[in-house]
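**Q** Handing you this structure, nothing more for now.
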Amino acid sequence: MKRLAMLPVLALAVAACHDAGRTPTSVAEPVDGTSRLDVISVSIVPANAPTGTHYQAGTSASCSLCGGIVSCLSYQLAGVGNANGSASLSVSFSATVDCRNHGGQVVEVKAQAKGASASTGLLEPKNGRLAVPTLSSTGVSPTNATFEASAVCPNGNWTKEVRDGTVSLDSFVYTLNFVGYPPSYITITGP
């Protein structure tokens with residue numbers, strides 16, 4: 001129980017974009033008027049980690065959104081003993097695919113795809129501290145061919161095309177798990 005009550009609240013930063021025009025995706029703003037901070041959820045489950053696990057001073061788990069890219073920054077946990085861990089980031093995307101027949105008629109189809117997950121692999125603690133590196137969704141956006149393959153047109157004679165500017169990040173899940181403990185100690189989901 002020691003120091004578990006001292007767990008700081010996860011810091012969530014919505015980073016300002018340096019050049020949103022260079023990113024291949026966008027994050028849709030909620031239609032209900034809430035901000036992206038309102039739709040990101042975080043949880044820590046102390047029972048899913050070694051007793052005494054806590055953030056090393058000056059660090060905490062956080063994820064930011066910028067132009068459709070999710071970045072979960074590095075942090076360090078102390079009090080983990082010899083328990084190995086791993087972190088992962090899974091991102092889901094969607095796009096509008098146009099189905100066009102030979103006469104030029106267009107039918108709009110929504111296509112969804114799950115981006116490839118990023119993972120730290122097995123992390124080994126040193127002196128009871130677990131250093132968790134940065135994970136990012138950069139480079140995991142599905143290709144146009146992936147969206148086109150998941151879209152269903154009226155029949156096989158129609159041509160599929162991803163509509164420019166419609167690829168968007170729908171959601172992400174970041175987790176930190178310890179080997180031998182129930183998943184997950186830290187979970188951040190959004191948007």
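By order of appearance in the structure tokens: chains A, B, ..., then residues from 1 within every chain, and ligands from 1 in the order shown.
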When you look at Ala149 (chain A) with a cut-off of 12 Å (counting only C-alpha atoms), what residues show up, excluding the ones that are within fewer than 4 positions of it in the same chain? I need them as a list in words.

**A**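 My reading of the contact set: Ala95, Val97, Cys99, Val109, Lys110, Ala111, Gln112, Ala113, Pro142, Thr143, Asn144, Ala145, Cys153, Gly156, Thr159, Lys160, Glu161 and Val162 of chain A.
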
**Q** For Pro191 (chain A), which residue among A:Leu176, A:Val140, A:Ala78, A:Leu169 is the nearest when counting only C-alpha atoms?

**A**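 Of A:Leu176, A:Val140, A:Ala78, A:Leu169, the one nearest Pro191 (chain A) is A:Leu169, counting only C-alpha atoms.
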
**Q** Could you find all residues in region 20-172 of chain A that DSSP calls helix (DSSP H, G or I) from the backbone, and write them as a list of chain:residue names?

**A** A:Ala20, A:Gly21, A:Arg22, A:Arg36, A:Leu37, A:Asp38, A:Val39, A:Pro46, A:Ala47, A:Asn48, A:Asn144, A:Ala145, A:Thr146, A:Phe147, A:Glu148, A:Ala149, A:Ser150

**Q** Can those selected residues be exported to a file as a tab-separated table (two decimals), in the first residue's frame so that it contains C-alpha atoms?

**A**
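Output file again_36.tsv is given in full below:
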```tsv
chain	number	residue	atom	x	y	z
A	20	ALA	CA	-0.67	19.83	-39.47
A	21	GLY	CA	-0.56	20.04	-43.26
A	22	ARG	CA	2.27	17.52	-43.40
A	36	ARG	CA	-10.53	16.31	-27.21
A	37	LEU	CA	-9.49	16.37	-23.54
A	38	ASP	CA	-13.09	15.54	-22.63
A	39	VAL	CA	-13.07	12.37	-24.71
A	46	PRO	CA	-2.80	-0.55	-8.69
A	47	ALA	CA	-3.77	-4.23	-8.25
A	48	ASN	CA	-2.35	-4.89	-11.75
A	144	ASN	CA	-5.36	3.63	-49.46
A	145	ALA	CA	-5.27	0.04	-50.71
A	146	THR	CA	-6.15	-1.19	-47.19
A	147	PHE	CA	-9.23	1.07	-47.05
A	148	GLU	CA	-10.25	0.16	-50.59
A	149	ALA	CA	-9.99	-3.55	-49.78
A	150	SER	CA	-12.35	-3.16	-46.80
```

**Q** Quick one: everything within 7 Å of Val42 (chain A), counting only C-alpha atoms, minus sequence neighbours fewer than 2 positions away in the same chain. Send it as a compact mmCIF listing (two decimals) with C-alpha atoms, in the first residue's frame.

**A**
```
# COMPACT_ATOMS: atom_id res chain seq x y z
CA ILE A 40 -9.70 10.94 -23.57
CA THR A 187 -4.72 2.50 -19.89
CA ILE A 188 -5.16 5.69 -21.92
CA THR A 189 -7.92 5.77 -24.57
```

**Q** Given only C-alpha atoms as the basis, pick out the residue of A:Ser43, A:Ser117, A:Gln56, A:Thr51 nearest to Thr138 (chain A).

**A**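 Comparing A:Ser43, A:Ser117, A:Gln56, A:Thr51 against Thr138 (chain A), the winner is A:Ser117.
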
**Q** Have a look at CA of Ser136 (chain A) and CA of Tyr174 (chain A) and let me know their distance in Å, one decimal.

**A** 10.0 Å

**Q** Report, in Å with one decimal, the straight-line distance from CA of Ser141 (chain A) to CA of Gly121 (chain A).

**A** 20.3 Å

**Q** Which residues come within 6 Å of Phe172 (chain A), counting only C-alpha atoms, excluding same-chain residues fewer than 3 positions away, as a list in words?

**A**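 Here the qualifying residues turn out to be Ser90, Val91, Thr189 and Gly190 of chain A.
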
**Q** Work out how far CA of Val173 (chain A) is from CA of Ala57 (chain A), in Å to one decimal.

**A**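 These atoms are spaced 24.8 Å apart.
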
**Q** Would you pick out the contacts of Ser119 (chain A) at 9 Å or less, using only C-alpha atoms, so that residues sharing its chain but fewer than 5 positions from it are not included, and give the list as a ChimeraX atom specification?

**A** /A:86-90,135
